>>> print(open('my_file_32.pdb').read())   # PDB, C-alpha atoms
MODEL        1
ATOM      1  CA  MET A 202      -9.846  14.105 -12.227
ATOM      2  CA  GLU A 203      -6.271  14.539 -11.136
ATOM      3  CA  ARG A 204      -3.927  15.734 -13.823
ATOM      4  CA  SER A 205      -0.559  15.626 -12.140
ATOM      5  CA  VAL A 206       1.532  12.506 -12.655
ATOM      6  CA  ASP A 207       3.655  12.084  -9.548
ATOM      7  CA  VAL A 208       4.020   8.315  -9.573
ATOM      8  CA  GLY A 209       5.197   8.188  -5.946
ATOM      9  CA  LYS A 210       2.084  10.035  -4.756
ATOM     10  CA  ILE A 211      -0.123   7.902  -6.993
ATOM     11  CA  GLU A 212       1.363   4.752  -5.464
ATOM     12  CA  GLN A 213       0.678   6.050  -1.955
ATOM     13  CA  LYS A 214      -2.886   6.998  -2.906
ATOM     14  CA  ALA A 215      -3.462   3.534  -4.355
ATOM     15  CA  HIS A 216      -2.277   1.917  -1.115
ATOM     16  CA  ARG A 217      -4.412   4.299   0.956
ATOM     17  CA  LEU A 218      -7.588   3.400  -0.937
ATOM     18  CA  ILE A 219      -7.263  -0.189   0.285
ATOM     19  CA  GLN A 220      -5.836   0.575   3.736
ATOM     20  CA  GLN A 221      -8.501   3.131   4.630
ATOM     21  CA  ASP A 222     -10.633   0.130   5.733
ATOM     22  CA  GLY A 223      -8.653   0.035   9.030
ATOM     23  CA  LEU A 224      -8.565  -3.775   8.938
ATOM     24  CA  GLU A 225      -4.783  -3.966   8.960
ATOM     25  CA  MET A 226      -4.680  -1.847  12.130
ATOM     26  CA  ILE A 227      -7.302  -4.044  13.808
ATOM     27  CA  CYS A 228      -5.481  -7.264  12.858
ATOM     28  CA  TYR A 229      -2.001  -6.130  13.863
ATOM     29  CA  GLY A 230      -3.308  -4.395  16.995
ATOM     30  CA  SER A 231      -4.841  -7.738  18.002
ATOM     31  CA  LEU A 232      -1.606  -9.561  17.200
ATOM     32  CA  GLN A 233       0.380  -7.201  19.414
ATOM     33  CA  PHE A 234      -2.115  -7.679  22.221
ATOM     34  CA  ILE A 235      -1.613 -11.471  21.949
ATOM     35  CA  MET A 236       2.165 -10.934  21.892
ATOM     36  CA  GLY A 237       1.751  -8.999  25.135
ATOM     37  CA  LEU A 238       0.010 -12.016  26.698
ATOM     38  CA  ASP A 239       3.019 -14.144  25.802
ATOM     39  CA  PHE A 240       5.531 -11.624  27.202
ATOM     40  CA  TYR A 241       3.526 -11.422  30.414
ATOM     41  CA  GLY A 242       3.563 -15.203  30.694
ATOM     42  CA  ILE A 243      -0.205 -15.663  30.440
ATOM     43  CA  THR A 244       0.151 -17.808  27.309
ATOM     44  CA  ASN A 245       3.064 -19.487  25.611
ATOM     45  CA  LEU A 246       4.497 -18.690  22.179
ATOM     46  CA  LEU A 247       2.043 -20.959  20.325
ATOM     47  CA  PRO A 248      -0.900 -18.474  20.101
ATOM     48  CA  VAL A 249       1.522 -15.778  18.901
ATOM     49  CA  ILE A 250       2.877 -18.012  16.115
ATOM     50  CA  ALA A 251      -0.645 -19.156  15.180
ATOM     51  CA  ALA A 252      -1.894 -15.542  15.088
ATOM     52  CA  ALA A 253       1.136 -14.370  13.088
ATOM     53  CA  ILE A 254       0.487 -17.085  10.489
ATOM     54  CA  LEU A 255      -3.312 -16.773  10.388
ATOM     55  CA  ILE A 256      -3.683 -12.984  10.429
ATOM     56  CA  PRO A 257      -2.425 -12.331   6.860
ATOM     57  CA  PHE A 258      -4.842 -14.999   5.546
ATOM     58  CA  ALA A 259      -7.686 -13.619   7.657
ATOM     59  CA  LEU A 260      -6.930 -10.095   6.455
ATOM     60  CA  ARG A 261      -7.062 -11.223   2.808
ATOM     61  CA  THR A 262     -10.330 -13.116   3.339
ATOM     62  CA  ILE A 263     -12.042 -10.262   5.196
ATOM     63  CA  ARG A 264     -10.898  -7.758   2.584
ATOM     64  CA  GLY A 265     -12.345 -10.035  -0.078
ATOM     65  CA  ARG A 266     -15.727  -9.709   1.667
ATOM     66  CA  ILE A 267     -15.622  -6.083   2.856
ATOM     67  CA  THR A 268     -13.027  -3.961   1.082
ATOM     68  CA  TYR A 269     -12.614  -5.198  -2.501
ATOM     69  CA  PRO A 270     -16.345  -5.245  -3.362
ATOM     70  CA  ARG A 271     -16.549  -1.597  -2.220
ATOM     71  CA  VAL A 272     -13.388   0.048  -3.547
ATOM     72  CA  GLY A 273     -11.990  -2.515  -5.933
ATOM     73  CA  TYR A 274      -9.079  -4.911  -5.861
ATOM     74  CA  ALA A 275      -5.417  -4.240  -6.551
ATOM     75  CA  LYS A 276      -2.396  -6.451  -6.233
ATOM     76  CA  PHE A 277       0.643  -4.406  -5.302
ATOM     77  CA  ALA A 278       4.246  -5.131  -6.084
ATOM     78  CA  LYS A 279       6.395  -5.114  -2.968
ATOM     79  CA  THR A 280       7.884  -1.704  -2.222
ATOM     80  CA  SER A 281      11.602  -1.418  -1.464
ATOM     81  CA  GLY A 282      10.740  -1.027   2.232
ATOM     82  CA  GLN A 283       8.554  -4.153   2.198
ATOM     83  CA  LYS A 284      11.312  -6.091   0.413
ATOM     84  CA  LEU A 285      13.643  -5.185   3.283
ATOM     85  CA  LEU A 286      11.150  -6.382   5.909
ATOM     86  CA  PRO A 287      12.341 -10.061   5.976
ATOM     87  CA  VAL A 288      15.944  -8.839   6.393
ATOM     88  CA  PHE A 289      14.758  -6.502   9.141
ATOM     89  CA  ILE A 290      12.909  -9.346  10.946
ATOM     90  CA  ALA A 291      15.885 -11.703  10.559
ATOM     91  CA  ALA A 292      18.227  -9.038  11.981
ATOM     92  CA  ALA A 293      15.883  -8.471  14.933
ATOM     93  CA  ALA A 294      15.720 -12.255  15.549
ATOM     94  CA  ILE A 295      19.537 -12.513  15.484
ATOM     95  CA  VAL A 296      19.852  -9.628  17.954
ATOM     96  CA  LEU A 297      17.330 -11.339  20.251
ATOM     97  CA  LEU A 298      19.209 -14.643  19.937
ATOM     98  CA  ILE A 299      22.487 -12.933  20.845
ATOM     99  CA  LEU A 300      20.787 -11.304  23.830
ATOM    100  CA  VAL A 301      19.387 -14.599  25.072
ATOM    101  CA  THR A 302      22.584 -16.607  24.572
ATOM    102  CA  SER A 303      25.173 -13.985  25.574
ATOM    103  CA  GLY A 304      24.184 -13.881  29.198
ATOM    104  CA  ILE A 305      25.048 -10.180  29.293
ATOM    105  CA  ARG A 306      22.269  -8.999  31.523
ATOM    106  CA  TRP A 307      22.449  -5.254  30.874
ATOM    107  CA  LEU A 308      21.886  -5.823  27.118
ATOM    108  CA  GLY A 309      18.655  -7.614  27.922
ATOM    109  CA  ASP A 310      17.511  -4.638  29.996
ATOM    110  CA  PHE A 311      17.054  -2.697  26.757
ATOM    111  CA  LEU A 312      14.674  -5.262  25.253
ATOM    112  CA  PRO A 313      11.669  -2.834  25.311
ATOM    113  CA  LEU A 314      13.779  -0.365  23.348
ATOM    114  CA  TYR A 315      14.636  -3.005  20.703
ATOM    115  CA  LEU A 316      10.999  -4.051  20.506
ATOM    116  CA  GLY A 317       9.900  -0.408  20.237
ATOM    117  CA  GLY A 318      12.515   0.182  17.554
ATOM    118  CA  ALA A 319      11.376  -2.825  15.518
ATOM    119  CA  LEU A 320       7.711  -1.774  15.694
ATOM    120  CA  ALA A 321       8.625   1.844  14.950
ATOM    121  CA  GLY A 322      10.473   0.567  11.858
ATOM    122  CA  TRP A 323       7.358  -1.326  10.769
ATOM    123  CA  SER A 324       5.260   1.827  11.303
ATOM    124  CA  TYR A 325       7.761   3.916   9.341
ATOM    125  CA  ILE A 326       7.573   1.481   6.385
ATOM    126  CA  ASN A 327       3.760   1.775   6.503
ATOM    127  CA  ALA A 328       4.018   5.582   6.608
ATOM    128  CA  ARG A 329       6.291   5.657   3.574
ATOM    129  CA  THR A 330       4.173   3.143   1.651
ATOM    130  CA  THR A 331       0.818   4.826   2.236
ATOM    131  CA  GLY A 332       1.742   8.449   2.955
ATOM    132  CA  ASP A 333      -0.583   8.137   5.963
ATOM    133  CA  LYS A 334       0.898  10.374   8.657
ATOM    134  CA  ILE A 335      -0.756   8.510  11.545
ATOM    135  CA  TRP A 336       1.924   5.824  11.152
ATOM    136  CA  TYR A 337       4.568   8.392  12.159
ATOM    137  CA  PHE A 338       2.558   8.935  15.338
ATOM    138  CA  PHE A 339       2.605   5.174  15.988
ATOM    139  CA  ALA A 340       6.345   5.011  15.225
ATOM    140  CA  ALA A 341       6.929   7.719  17.851
ATOM    141  CA  LEU A 342       4.603   5.943  20.270
ATOM    142  CA  TYR A 343       6.419   2.588  19.918
ATOM    143  CA  LEU A 344       9.856   4.136  20.277
ATOM    144  CA  GLY A 345       8.835   6.532  23.066
ATOM    145  CA  GLY A 346       7.020   3.728  24.890
ATOM    146  CA  GLY A 347      10.078   1.471  24.609
ATOM    147  CA  ALA A 348      12.391   4.154  25.944
ATOM    148  CA  GLY A 349       9.959   5.301  28.627
ATOM    149  CA  ILE A 350       9.113   1.899  30.057
ATOM    150  CA  ILE A 351      12.819   1.218  30.771
ATOM    151  CA  LEU A 352      12.735   4.035  33.342
ATOM    152  CA  PHE A 353      10.275   2.046  35.441
ATOM    153  CA  SER A 354      11.810  -0.743  37.488
ATOM    154  CA  LEU A 355       9.745  -3.495  35.952
ATOM    155  CA  GLU A 356      10.668  -7.064  35.175
ATOM    156  CA  ILE A 357      11.869  -6.875  31.572
ATOM    157  CA  LEU A 358       9.313  -9.182  29.894
ATOM    158  CA  GLN A 359       6.468  -7.588  31.829
ATOM    159  CA  ALA A 360       7.728  -4.188  30.652
ATOM    160  CA  CYS A 361       7.538  -5.440  27.039
ATOM    161  CA  ALA A 362       3.996  -6.708  27.617
ATOM    162  CA  ILE A 363       2.857  -3.392  29.107
ATOM    163  CA  GLN A 364       4.569  -1.545  26.269
ATOM    164  CA  LEU A 365       2.563  -3.593  23.723
ATOM    165  CA  TRP A 366      -0.676  -3.286  25.691
ATOM    166  CA  MET A 367      -0.297   0.504  25.764
ATOM    167  CA  VAL A 368      -0.168   0.850  21.982
ATOM    168  CA  ALA A 369      -2.191  -2.163  20.732
ATOM    169  CA  PRO A 370      -5.594  -0.816  21.961
ATOM    170  CA  ILE A 371      -4.900   2.582  20.358
ATOM    171  CA  LEU A 372      -3.941   0.913  17.061
ATOM    172  CA  THR A 373      -7.027  -1.318  17.184
ATOM    173  CA  ALA A 374      -9.331   1.567  18.152
ATOM    174  CA  VAL A 375      -8.069   3.725  15.273
ATOM    175  CA  GLY A 376      -8.650   0.720  12.993
ATOM    176  CA  VAL A 377     -12.227   0.285  14.270
ATOM    177  CA  ILE A 378     -12.986   3.992  13.743
ATOM    178  CA  ARG A 379     -11.559   3.798  10.233
ATOM    179  CA  LEU A 380     -13.562   0.681   9.457
ATOM    180  CA  TYR A 381     -16.737   2.427  10.673
ATOM    181  CA  ARG A 382     -15.984   5.462   8.496
ATOM    182  CA  PHE A 383     -15.155   3.223   5.558
ATOM    183  CA  LEU A 384     -18.497   1.430   5.854
ATOM    184  CA  GLN A 385     -20.261   4.792   6.125
ATOM    185  CA  LYS A 386     -18.487   6.072   3.037
ATOM    186  CA  TYR A 387     -19.082   2.897   1.022
ATOM    187  CA  PRO A 388     -22.283   1.485   2.566
ATOM    188  CA  LYS A 389     -22.981  -1.235   0.027
ATOM    189  CA  PRO A 390     -20.701  -3.482  -1.974
ATOM    190  CA  SER A 391     -20.581  -2.144  -5.487
ATOM    191  CA  MET A 392     -22.215  -4.408  -8.039
ATOM    192  CA  GLU A 393     -20.351  -2.512 -10.716
ATOM    193  CA  THR A 394     -17.945  -5.376 -11.111
ATOM    194  CA  ALA A 395     -20.877  -7.642 -11.922
ATOM    195  CA  ARG A 396     -22.264  -5.293 -14.539
ATOM    196  CA  ASP A 397     -18.896  -4.329 -15.879
ATOM    197  CA  SER A 398     -19.260  -2.745 -19.251
ATOM    198  CA  GLN A 399     -15.878  -3.962 -20.449
TER     199      GLN A 399
ATOM    200  CA  MET B 115       9.469  17.894 -42.968
ATOM    201  CA  THR B 116      10.949  17.146 -39.545
ATOM    202  CA  HIS B 117      11.482  19.404 -36.553
ATOM    203  CA  ASN B 118      15.235  19.220 -37.103
ATOM    204  CA  GLU B 119      14.891  20.693 -40.586
ATOM    205  CA  HIS B 120      13.250  23.700 -38.912
ATOM    206  CA  GLY B 121      16.096  23.867 -36.411
ATOM    207  CA  ASN B 122      13.805  22.699 -33.576
ATOM    208  CA  GLU B 123      16.139  20.053 -32.116
ATOM    209  CA  GLY B 124      14.929  20.851 -28.587
ATOM    210  CA  LEU B 125      11.416  19.866 -29.558
ATOM    211  CA  GLN B 126      12.402  16.334 -30.556
ATOM    212  CA  PRO B 127      11.119  14.796 -27.275
ATOM    213  CA  ILE B 128       7.710  16.343 -27.970
ATOM    214  CA  ALA B 129       7.706  14.988 -31.520
ATOM    215  CA  ASP B 130       8.354  11.528 -30.033
ATOM    216  CA  ILE B 131       5.462  11.783 -27.577
ATOM    217  CA  ASP B 132       3.107   8.807 -27.733
ATOM    218  CA  ARG B 133      -0.293  10.306 -28.479
ATOM    219  CA  VAL B 134      -2.145   7.274 -27.110
ATOM    220  CA  ILE B 135      -0.598   7.960 -23.706
ATOM    221  CA  HIS B 136      -0.658  11.763 -23.920
ATOM    222  CA  GLU B 137      -4.433  11.986 -23.417
ATOM    223  CA  PRO B 138      -4.882  12.944 -19.686
ATOM    224  CA  ALA B 139      -7.371  10.200 -18.779
ATOM    225  CA  ARG B 140      -5.275   7.472 -20.410
ATOM    226  CA  LEU B 141      -2.128   8.884 -18.805
ATOM    227  CA  LEU B 142      -3.808   8.653 -15.417
ATOM    228  CA  ILE B 143      -4.950   5.073 -16.070
ATOM    229  CA  LEU B 144      -1.427   4.047 -17.056
ATOM    230  CA  ALA B 145       0.044   5.861 -14.044
ATOM    231  CA  TYR B 146      -2.209   3.900 -11.687
ATOM    232  CA  LEU B 147      -1.562   0.615 -13.450
ATOM    233  CA  SER B 148       2.186   1.275 -13.353
ATOM    234  CA  VAL B 149       2.190   1.176  -9.528
ATOM    235  CA  VAL B 150       0.284  -2.111  -9.185
ATOM    236  CA  GLU B 151       0.813  -5.609 -10.522
ATOM    237  CA  SER B 152      -2.863  -5.785 -11.427
ATOM    238  CA  ALA B 153      -6.101  -4.045 -10.483
ATOM    239  CA  ASP B 154      -9.770  -4.468 -11.246
ATOM    240  CA  PHE B 155     -12.125  -2.102 -13.042
ATOM    241  CA  LEU B 156     -13.737  -0.801  -9.841
ATOM    242  CA  PHE B 157     -10.365   0.090  -8.311
ATOM    243  CA  LEU B 158      -9.414   2.159 -11.360
ATOM    244  CA  GLU B 159     -12.838   3.775 -11.412
ATOM    245  CA  ARG B 160     -12.466   4.851  -7.755
ATOM    246  CA  GLN B 161      -8.893   6.059  -8.208
ATOM    247  CA  THR B 162      -9.256   7.981 -11.451
ATOM    248  CA  GLY B 163     -12.731   9.408 -10.848
ATOM    249  CA  LEU B 164     -13.652   8.636 -14.448
ATOM    250  CA  THR B 165     -17.154   7.489 -15.330
ATOM    251  CA  ARG B 166     -17.575   3.814 -16.147
ATOM    252  CA  GLY B 167     -18.251   4.475 -19.817
ATOM    253  CA  ASN B 168     -15.314   6.829 -20.137
ATOM    254  CA  LEU B 169     -12.974   4.452 -18.350
ATOM    255  CA  SER B 170     -14.182   1.538 -20.451
ATOM    256  CA  SER B 171     -13.632   3.475 -23.682
ATOM    257  CA  HIS B 172     -10.082   4.526 -22.734
ATOM    258  CA  LEU B 173      -9.214   1.006 -21.621
ATOM    259  CA  SER B 174     -10.335  -0.332 -24.996
ATOM    260  CA  LYS B 175      -7.979   2.112 -26.731
ATOM    261  CA  LEU B 176      -5.117   1.127 -24.463
ATOM    262  CA  GLU B 177      -5.851  -2.551 -25.063
ATOM    263  CA  THR B 178      -5.895  -1.996 -28.838
ATOM    264  CA  ALA B 179      -2.504  -0.254 -28.555
ATOM    265  CA  GLY B 180      -1.217  -3.312 -26.685
ATOM    266  CA  TYR B 181      -0.505  -1.356 -23.499
ATOM    267  CA  VAL B 182      -3.071  -2.963 -21.229
ATOM    268  CA  GLU B 183      -4.082  -6.588 -20.823
ATOM    269  CA  ILE B 184      -7.720  -7.188 -19.864
ATOM    270  CA  LYS B 185      -8.792 -10.479 -18.327
ATOM    271  CA  LYS B 186     -12.243 -11.603 -17.288
ATOM    272  CA  GLU B 187     -12.541 -13.833 -14.247
ATOM    273  CA  PHE B 188     -15.100 -14.869 -11.638
ATOM    274  CA  VAL B 189     -14.701 -14.267  -7.906
ATOM    275  CA  ASP B 190     -17.495 -15.810  -5.813
ATOM    276  CA  LYS B 191     -19.617 -16.094  -8.964
ATOM    277  CA  ILE B 192     -19.225 -12.349  -9.609
ATOM    278  CA  PRO B 193     -17.430 -11.418 -12.822
ATOM    279  CA  ARG B 194     -14.365  -9.266 -12.360
ATOM    280  CA  THR B 195     -12.346  -7.454 -14.997
ATOM    281  CA  LEU B 196      -8.693  -7.628 -14.102
ATOM    282  CA  LEU B 197      -6.328  -5.151 -15.730
ATOM    283  CA  ARG B 198      -2.572  -5.067 -15.943
ATOM    284  CA  LEU B 199       0.048  -3.140 -17.822
ATOM    285  CA  THR B 200       1.821  -5.148 -20.537
ATOM    286  CA  GLU B 201       5.596  -4.980 -20.925
ATOM    287  CA  ALA B 202       5.075  -2.747 -23.979
ATOM    288  CA  GLY B 203       2.751  -0.523 -21.957
ATOM    289  CA  ARG B 204       5.236  -0.208 -19.120
ATOM    290  CA  ALA B 205       8.092   0.594 -21.527
ATOM    291  CA  SER B 206       6.000   3.166 -23.408
ATOM    292  CA  PHE B 207       4.875   4.828 -20.185
ATOM    293  CA  GLN B 208       8.492   5.009 -19.033
ATOM    294  CA  ALA B 209       9.565   6.465 -22.386
ATOM    295  CA  TYR B 210       6.740   9.014 -22.202
ATOM    296  CA  ARG B 211       7.850  10.165 -18.749
ATOM    297  CA  GLN B 212      11.461  10.478 -19.891
ATOM    298  CA  ASN B 213      10.470  12.449 -22.990
ATOM    299  CA  MET B 214       8.350  14.849 -20.970
ATOM    300  CA  GLN B 215      11.028  15.315 -18.315
ATOM    301  CA  GLN B 216      13.653  15.932 -21.013
ATOM    302  CA  PHE B 217      11.438  18.429 -22.791
ATOM    303  CA  PHE B 218      10.700  20.450 -19.649
ATOM    304  CA  SER B 219      14.315  20.326 -18.445
ATOM    305  CA  GLU B 220      15.478  21.745 -21.781
ATOM    306  CA  LEU B 221      13.055  24.673 -21.667
ATOM    307  CA  PRO B 222      14.619  27.993 -20.658
ATOM    308  CA  GLU B 223      13.542  29.416 -17.259
TER     309      GLU B 223
ENDMDL
END
>>> encode(input="my_file_32.pdb", output="structure tokens")
Amino acid sequence: MERSVDVGKIEQKAHRLIQQDGLEMICYGSLQFIMGLDFYGITNLLPVIAAAILIPFALRTIRGRITYPRVGYAKFAKTSGQKLLPVFIAAAAIVLLILVTSGIRWLGDFLPLYLGGALAGWSYINARTTGDKIWYFFAALYLGGGAGIILFSLEILQACAIQLWMVAPILTAVGVIRLYRFLQKYPKPSMETARDSQ
Amino acid sequence: MTHNEHGNEGLQPIADIDRVIHEPARLLILAYLSVVESADFLFLERQTGLTRGNLSSHLSKLETAGYVEIKKEFVDKIPRTLLRLTEAGRASFQAYRQNMQQFFSELPE
């Protein structure tokens, strides 16, 4: 039993217990892949919006079947970073709107960098919330990818799509590996909740 | 006779320590509950590493002290014990942390 009471570390450990299932990585990796399809012009914005709305519900439902029966359920209060997320998204949307309406072409050329920055910010929030260092790797990957892809003379939206398609499979693959390990570690749903001695 | 009468003013935070919380297993339970809105029995069992009987016994003590609220509910026909820290529990845990920090900061190097 742990005897130290570092509440910050305890909070990170609590988040990690749930997130070790890898499901969040699989879901958001898939979402980014779909976003890439939209940027590339294969689909329109509708699948992206549908996926963005449905994925949090799907994640909750799947966790209800896979994760919570194995490691237990916890409802977390929003961390300060998560509370800032809507502001962060709104700011990113305003910047995009300015880019689209301003007509200043050279600003638009940096779109992969903005996208990489936004996703790196999301990864950084995850890293701080869970203490899981792999999110720093993804933050670097998003930002590095965004900066790197600008060097290639690609059409800007196609560059964004390629940028997403480079990272999304890695994110999803890490999620799948983690899910496999999670199921190995906790092979059967615990019936302890059913026989709770409380 | 109080600590102050012995000239032990620096020990006052220790005299004020809540003994319900001071027990390591209960302290750990409260620490985990302080970082979540609510959690179920299995989650606490996994996090604390306590046995089910031990955890159950400590939770009963914390419930009796009014620090933890225990609710029974059914999820997909499976009973689940949902636990959350009460306002009194949160305040007492906070006070405990402050007392301990004060005590250790006042100790000479």
>>> residues_around(input="my_file_32.pdb", residues="Gly332 (chain A)", least_positions_apart="6", cutoff="9 Å", atoms="only C-alpha atoms", output="ChimeraX atom specification")
/A:210,213-214,216-217
>>> residues_around(input="my_file_32.pdb", residues="region 206-213 of chain B", least_positions_apart="5", cutoff="10 Å", atoms="only C-alpha atoms", output="JSON, numbers by chain")
{"A": [206], "B": [125, 126, 127, 128, 129, 130, 131, 132, 133, 134, 135, 136, 141, 144, 145, 148, 181, 199, 200, 201, 218, 219]}
>>> write_last_selection(input="my_file_32.pdb", atoms="C-alpha atoms", output="PDB file, in the coordinates of the input")
ATOM      1  CA  VAL A 206       1.532  12.506 -12.655  1.00  0.00           C
TER       2      VAL A 206
ATOM      3  CA  LEU B 125      11.416  19.866 -29.558  1.00  0.00           C
ATOM      4  CA  GLN B 126      12.402  16.334 -30.556  1.00  0.00           C
ATOM      5  CA  PRO B 127      11.119  14.796 -27.275  1.00  0.00           C
ATOM      6  CA  ILE B 128       7.710  16.343 -27.970  1.00  0.00           C
ATOM      7  CA  ALA B 129       7.706  14.988 -31.520  1.00  0.00           C
ATOM      8  CA  ASP B 130       8.354  11.528 -30.033  1.00  0.00           C
ATOM      9  CA  ILE B 131       5.462  11.783 -27.577  1.00  0.00           C
ATOM     10  CA  ASP B 132       3.107   8.807 -27.733  1.00  0.00           C
ATOM     11  CA  ARG B 133      -0.293  10.306 -28.479  1.00  0.00           C
ATOM     12  CA  VAL B 134      -2.145   7.274 -27.110  1.00  0.00           C
ATOM     13  CA  ILE B 135      -0.598   7.960 -23.706  1.00  0.00           C
ATOM     14  CA  HIS B 136      -0.658  11.763 -23.920  1.00  0.00           C
ATOM     15  CA  LEU B 141      -2.128   8.884 -18.805  1.00  0.00           C
ATOM     16  CA  LEU B 144      -1.427   4.047 -17.056  1.00  0.00           C
ATOM     17  CA  ALA B 145       0.044   5.861 -14.044  1.00  0.00           C
ATOM     18  CA  SER B 148       2.186   1.275 -13.353  1.00  0.00           C
ATOM     19  CA  TYR B 181      -0.505  -1.356 -23.499  1.00  0.00           C
ATOM     20  CA  LEU B 199       0.048  -3.140 -17.822  1.00  0.00           C
ATOM     21  CA  THR B 200       1.821  -5.148 -20.537  1.00  0.00           C
ATOM     22  CA  GLU B 201       5.596  -4.980 -20.925  1.00  0.00           C
ATOM     23  CA  PHE B 218      10.700  20.450 -19.649  1.00  0.00           C
ATOM     24  CA  SER B 219      14.315  20.326 -18.445  1.00  0.00           C
TER      25      SER B 219
END
>>> closest_residue(input="my_file_32.pdb", among="B:Leu147, B:Ala153, B:Leu169, B:Leu164", to="chain A", atoms="only C-alpha atoms")
B:Ala153
>>> atom_distance(input="my_file_32.pdb", atom1="CA of Thr262 (chain A)", atom2="CA of Asn327 (chain A)")
20.7 Å
>>> atom_distance(input="my_file_32.pdb", atom1="CA of Ile350 (chain A)", atom2="CA of Tyr315 (chain A)")
11.9 Å
>>> atom_distance(input="my_file_32.pdb", atom1="CA of Leu355 (chain A)", atom2="CA of Gly230 (chain A)")
23.0 Å
>>> closest_residue(input="my_file_32.pdb", among="A:Leu260, A:Leu255, A:Val272, A:Ile295", to="Arg160 (chain B)", atoms="only C-alpha atoms")
A:Val272
>>> residues_near_point(input="my_file_32.pdb", point="(-9.8, 1.7, -22.2)", cutoff="12 Å", atoms="all atoms listed in the file", output="PyMOL selection string")
(chain A and resi 398-399) or (chain B and resi 134-135+137+139-144+155+158-159+164-184+195+197-199)
>>> residues_around(input="my_file_32.pdb", residues="Ser231 (chain A)", least_positions_apart="3", cutoff="10 Å", atoms="all atoms listed in the file", output="number ranges by chain")
A: 225-228, 234-237, 252, 256, 366, 369-370, 372-373
>>> interface_residues(input="my_file_32.pdb", of="chain B", to="chain A", cutoff="6 Å", atoms="all atoms listed in the file", output="list in words")
Val149, Val150, Glu151, Ser152, Ala153, Asp154, Leu156, Phe157, Gly163, Ser170, Ile192, Pro193 and Arg194 of chain B
>>> resolve_selection(input="my_file_32.pdb", expression="the PyMOL selection byres ((chain A and resi 344) around 7)", output="ChimeraX atom specification")
/A:314,317-318,321,340-343,345-348
>>> axis_aligned_box(input="my_file_32.pdb", around="region 177-196 of chain B", padding_each_side="5 Å", output="lines of an AutoDock Vina configuration file")
center_x = -10.1
center_y = -8.2
center_z = -17.3
size_x = 29.1
size_y = 25.8
size_z = 33.0
>>> closest_residue(input="my_file_32.pdb", among="A:Thr268, A:Arg261, A:Gln233, A:Thr331", to="Pro388 (chain A)", atoms="only C-alpha atoms")
A:Thr268
>>> residues_around(input="my_file_32.pdb", residues="Gln221 (chain A)", least_positions_apart="5", cutoff="8 Å", atoms="all atoms listed in the file", output="list in words")
Arg379, Leu380 and Phe383 of chain A
>>> write_last_selection(input="my_file_32.pdb", atoms="C-alpha atoms", output="compact mmCIF listing (two decimals), keeping the file's coordinate frame")
# COMPACT_ATOMS: atom_id res chain seq x y z
CA ARG A 379 -11.56 3.80 10.23
CA LEU A 380 -13.56 0.68 9.46
CA PHE A 383 -15.16 3.22 5.56
>>> residues_around(input="my_file_32.pdb", residues="Ala328 (chain A)", least_positions_apart="6", cutoff="10 Å", atoms="only C-alpha atoms", output="PDB file with C-alpha atoms, keeping the file's coordinate frame")
ATOM      1  CA  GLN A 213       0.678   6.050  -1.955  1.00  0.00           C
ATOM      2  CA  GLY A 322      10.473   0.567  11.858  1.00  0.00           C
ATOM      3  CA  LYS A 334       0.898  10.374   8.657  1.00  0.00           C
ATOM      4  CA  ILE A 335      -0.756   8.510  11.545  1.00  0.00           C
ATOM      5  CA  TRP A 336       1.924   5.824  11.152  1.00  0.00           C
ATOM      6  CA  TYR A 337       4.568   8.392  12.159  1.00  0.00           C
ATOM      7  CA  PHE A 338       2.558   8.935  15.338  1.00  0.00           C
ATOM      8  CA  PHE A 339       2.605   5.174  15.988  1.00  0.00           C
ATOM      9  CA  ALA A 340       6.345   5.011  15.225  1.00  0.00           C
TER      10      ALA A 340
END
>>> decode(input="my_file_32.pdb", residues="region 207-212 of chain B", atoms="N, CA, C and O atoms", output="compact mmCIF listing (two decimals), in the first residue's frame")
# COMPACT_ATOMS: atom_id res chain seq x y z
N PHE B 207 -10.28 16.59 5.50
CA PHE B 207 -9.07 16.14 4.81
C PHE B 207 -8.14 17.33 4.53
O PHE B 207 -6.93 17.25 4.73
N GLN B 208 -8.76 18.44 4.13
CA GLN B 208 -8.00 19.66 3.86
C GLN B 208 -7.32 20.16 5.14
O GLN B 208 -6.14 20.52 5.13
N ALA B 209 -8.10 20.15 6.24
CA ALA B 209 -7.57 20.60 7.52
C ALA B 209 -6.43 19.69 7.98
O ALA B 209 -5.41 20.16 8.51
N TYR B 210 -6.58 18.39 7.76
CA TYR B 210 -5.55 17.43 8.12
C TYR B 210 -4.25 17.74 7.37
O TYR B 210 -3.17 17.78 7.96
N ARG B 211 -4.37 17.96 6.07
CA ARG B 211 -3.18 18.26 5.26
C ARG B 211 -2.49 19.53 5.75
O ARG B 211 -1.27 19.58 5.87
N GLN B 212 -3.31 20.55 6.05
CA GLN B 212 -2.73 21.82 6.51
C GLN B 212 -2.02 21.64 7.86
O GLN B 212 -0.92 22.16 8.06
